[in-house]
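> The structure that follows is given in the form of structure tokens.
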Amino acid sequence: MSSASDRPAPLRLGTVAPNFEAETTAGPIKFHDFIGDNWVVLFSHPEDYTPVCTTELGAFAKLEPEFTKRNTKLIGLSANTVESHGGWVKDINEISGSQLRFPIIGDKERKIALAYDMLDHQDATNVDAKGIAFTIRSVFIIDPKKTIRTILSYPASTGRNTAEVLRIVDSLQTGDKHRVTTPINWLPGDDVIVHPTIKGAEAEKMFPKMQVVKPYLRFTPLPKEETSAAV
């Protein structure tokens, strides 16, 4: 019987994304090689041929060109075989009017789901015929350094928001480039917040239009053309 000390360390923001080899609808991959010099959105699904997942994958397929413009790859995961995925993709394209191009990982043994802690411990109905827990709707946004920058977890019953995933990518990429953070409900083109680590004269030089609301809250305009959405 394994002890708690045998478990892998929990994944947190800033953790290097675990590498793995997997079969996908686009052939075998080594995950770190797949990432390459790109950003990656890895997202899991409970099972093929399920209603919520079908709507989600169709929406991601429609939005994929926007992610591609931002040097961001999409890759899905479901606890079924690659052969099963192939037939499901045809349904997704038919229902959504999309053309799904990104790969979907076959994770029938739940090896990747376990490595990324994507298993459902809450919903007793989210299991396969053998009673093994299916994956929940997890999203990992990973940067070119292979570092996990965002983790989202949704229950199996709730579909995700693709626009929000794209917005997070824009926030991260824009923040990295300009040393800013983004306030509540930010969209590219809205004012941003000067990073707290930039002090005094340096901040005034970098951001001449900076507006100091409080010493710790300093806004500055950042046109959409200067964000990662300007593509």
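Going through the structure tokens in order, the chains are called A, B, and so on, while each chain numbers its residues from 1 and the ligands are numbered from 1 in the order shown.
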Go through stretch 154-216 of chain A residue by residue and, counting only C-alpha atoms, keep those with an atom at most 9 Å from stretch 55-73 of chain A; for each kept residue give the shortest atom pair and its distance in Å to one decimal, ordered by chain and increasing number, as JSON lines.

```
{"residue": "A:Gly159", "atom": "CA", "partner": "A:Glu56", "partner_atom": "CA", "distance": 6.6}
{"residue": "A:Arg160", "atom": "CA", "partner": "A:Glu56", "partner_atom": "CA", "distance": 6.9}
{"residue": "A:Asn161", "atom": "CA", "partner": "A:Glu56", "partner_atom": "CA", "distance": 8.3}
{"residue": "A:Thr162", "atom": "CA", "partner": "A:Phe60", "partner_atom": "CA", "distance": 6.3}
{"residue": "A:Ala163", "atom": "CA", "partner": "A:Leu63", "partner_atom": "CA", "distance": 8.3}
{"residue": "A:Leu166", "atom": "CA", "partner": "A:Phe67", "partner_atom": "CA", "distance": 7.0}
{"residue": "A:Val169", "atom": "CA", "partner": "A:Arg70", "partner_atom": "CA", "distance": 8.2}
{"residue": "A:Asp170", "atom": "CA", "partner": "A:Arg70", "partner_atom": "CA", "distance": 8.0}
{"residue": "A:Gln173", "atom": "CA", "partner": "A:Arg70", "partner_atom": "CA", "distance": 8.5}
```
> Go ahead and write the selection's residues with N, CA and C atoms as a short mmCIF file (atom, residue, chain, number, x, y, z; two decimals), in the first residue's frame.

```cif
data_model
loop_
_atom_site.label_atom_id
_atom_site.label_comp_id
_atom_site.auth_asym_id
_atom_site.auth_seq_id
_atom_site.Cartn_x
_atom_site.Cartn_y
_atom_site.Cartn_z
N GLY A 159 -20.06 23.32 -18.42
CA GLY A 159 -19.19 23.63 -19.55
C GLY A 159 -18.37 24.88 -19.30
N ARG A 160 -17.20 24.91 -19.92
CA ARG A 160 -16.28 26.03 -19.71
C ARG A 160 -16.63 27.22 -20.61
N ASN A 161 -15.84 28.30 -20.46
CA ASN A 161 -16.02 29.51 -21.23
C ASN A 161 -14.75 29.73 -22.06
N THR A 162 -14.83 29.46 -23.36
CA THR A 162 -13.63 29.54 -24.20
C THR A 162 -13.09 30.96 -24.27
N ALA A 163 -13.98 31.95 -24.27
CA ALA A 163 -13.53 33.35 -24.31
C ALA A 163 -12.70 33.68 -23.08
N LEU A 166 -9.16 32.30 -23.53
CA LEU A 166 -8.41 33.18 -24.43
C LEU A 166 -8.03 34.48 -23.72
N VAL A 169 -4.99 33.92 -21.57
CA VAL A 169 -3.78 33.89 -22.40
C VAL A 169 -3.34 35.31 -22.74
N ASP A 170 -4.29 36.16 -23.14
CA ASP A 170 -3.96 37.55 -23.46
C ASP A 170 -3.39 38.27 -22.24
N GLN A 173 0.27 36.84 -21.55
CA GLN A 173 1.25 37.24 -22.56
C GLN A 173 1.50 38.75 -22.53
#
```
> For A:Lys146, which residue out of A:Thr24, A:Ile35, A:Lys30, A:Ala79 is the nearest one, using only C-alpha atoms?
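Closest residue, counting only C-alpha atoms: A:Ile35.
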> From the set A:Phe102, A:Phe140, A:Phe219, A:Phe207, which residue has the shortest atom-to-atom contact distance to A:Asp190, counting only C-alpha atoms?
A:Phe219
> With only C-alpha atoms as the counted atoms, please give the residues lying no more than 10 Å from A:His195, apart from itself and same-chain residues fewer than 4 positions off, as a PyMOL selection string.
chain A and resi 175+178-182+199+203+216-219
> Where in stretch 1-218 of chain A does DSSP assign alpha helix (DSSP H), given as number ranges by chain?
A: 31-35, 51-69, 82-96, 111-115, 162-178, 200-206
> Once you have the residues from the selection above, write them out as a short mmCIF file (atom, residue, chain, number, x, y, z; two decimals), in the first residue's frame, restricted to C-alpha atoms.

```
data_model
loop_
_atom_site.label_atom_id
_atom_site.label_comp_id
_atom_site.auth_asym_id
_atom_site.auth_seq_id
_atom_site.Cartn_x
_atom_site.Cartn_y
_atom_site.Cartn_z
CA PHE A 31 4.43 16.58 -24.41
CA HIS A 32 7.44 18.84 -23.87
CA ASP A 33 8.40 18.42 -27.53
CA PHE A 34 4.81 19.24 -28.48
CA ILE A 35 5.00 22.47 -26.45
CA PRO A 51 -23.17 16.30 -24.46
CA VAL A 52 -21.29 19.06 -22.61
CA CYS A 53 -17.89 17.95 -23.96
CA THR A 54 -19.23 17.97 -27.51
CA THR A 55 -20.29 21.62 -27.21
CA GLU A 56 -16.96 22.56 -25.63
CA LEU A 57 -14.74 20.98 -28.25
CA GLY A 58 -16.78 22.57 -31.02
CA ALA A 59 -16.31 25.98 -29.39
CA PHE A 60 -12.56 25.49 -28.94
CA ALA A 61 -12.30 24.38 -32.58
CA LYS A 62 -14.01 27.57 -33.74
CA LEU A 63 -11.73 29.72 -31.59
CA GLU A 64 -8.51 27.84 -32.42
CA PRO A 65 -7.39 30.40 -35.08
CA GLU A 66 -7.31 33.08 -32.36
CA PHE A 67 -5.13 30.90 -30.12
CA THR A 68 -2.86 30.12 -33.08
CA LYS A 69 -2.34 33.85 -33.71
CA VAL A 82 -7.90 7.48 -29.85
CA GLU A 83 -10.10 5.34 -32.12
CA SER A 84 -13.17 6.44 -30.17
CA HIS A 85 -12.06 10.08 -30.45
CA GLY A 86 -11.99 9.85 -34.25
CA GLY A 87 -15.70 9.11 -34.57
CA TRP A 88 -16.58 11.68 -31.93
CA VAL A 89 -14.70 14.44 -33.79
CA LYS A 90 -16.97 13.87 -36.81
CA ASP A 91 -20.00 14.49 -34.60
CA ILE A 92 -18.40 17.62 -33.11
CA ASN A 93 -17.71 19.10 -36.56
CA GLU A 94 -21.22 18.29 -37.76
CA ILE A 95 -22.98 19.79 -34.73
CA SER A 96 -20.84 22.92 -34.33
CA LYS A 111 -2.11 7.93 -16.45
CA ILE A 112 -2.01 11.56 -17.54
CA ALA A 113 -5.17 12.37 -15.60
CA LEU A 114 -3.45 11.06 -12.46
CA ALA A 115 -0.21 12.96 -13.15
CA THR A 162 -13.63 29.54 -24.20
CA ALA A 163 -13.53 33.35 -24.31
CA GLU A 164 -12.27 33.36 -20.71
CA VAL A 165 -9.46 30.92 -21.53
CA LEU A 166 -8.41 33.18 -24.43
CA ARG A 167 -8.65 36.25 -22.17
CA ILE A 168 -6.30 34.61 -19.64
CA VAL A 169 -3.78 33.89 -22.40
CA ASP A 170 -3.96 37.55 -23.46
CA SER A 171 -3.51 38.69 -19.85
CA LEU A 172 -0.48 36.46 -19.27
CA GLN A 173 1.25 37.24 -22.56
CA THR A 174 0.58 40.98 -22.30
CA GLY A 175 1.68 41.06 -18.67
CA ASP A 176 4.94 39.26 -19.45
CA LYS A 177 5.73 41.67 -22.29
CA HIS A 178 4.86 44.98 -20.60
CA GLY A 200 8.96 55.62 -8.57
CA ALA A 201 10.99 57.16 -11.38
CA GLU A 202 11.24 53.90 -13.33
CA ALA A 203 7.44 53.60 -13.35
CA GLU A 204 7.03 57.22 -14.48
CA LYS A 205 9.55 56.72 -17.27
CA MET A 206 8.03 53.43 -18.46
#
```
> Rank A:Ile193, A:Ala22, A:Val40, A:Val139 by their smallest atom-to-atom distance to A:Arg110, using only C-alpha atoms, and report the top residue only.
A:Ala22
> When you look at A:Phe43 with a cut-off of 9 Å (counting only C-alpha atoms), what residues show up, excluding the ones that are within fewer than 6 positions of it in the same chain? I need them as a PyMOL selection string.
chain A and resi 74-78+137-141
> Report the distance between atom CA of A:Gly97 and atom CA of A:Ser44 in Å, rounded to one decimal place.
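Here the two named atoms are 21.6 Å from each other.
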> Record the distance separating atom CA of A:Leu222 and atom CA of A:Leu42, expressed in Å with one decimal.
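Rounded to one decimal, the two atoms are 28.7 Å apart.
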> Choose the residue, out of A:Thr197, A:Thr227, A:Ser157, A:Thr220, that has the smallest atom-to-atom separation from A:His45; count only C-alpha atoms.
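That would be A:Ser157, the residue with the smallest distance to A:His45.
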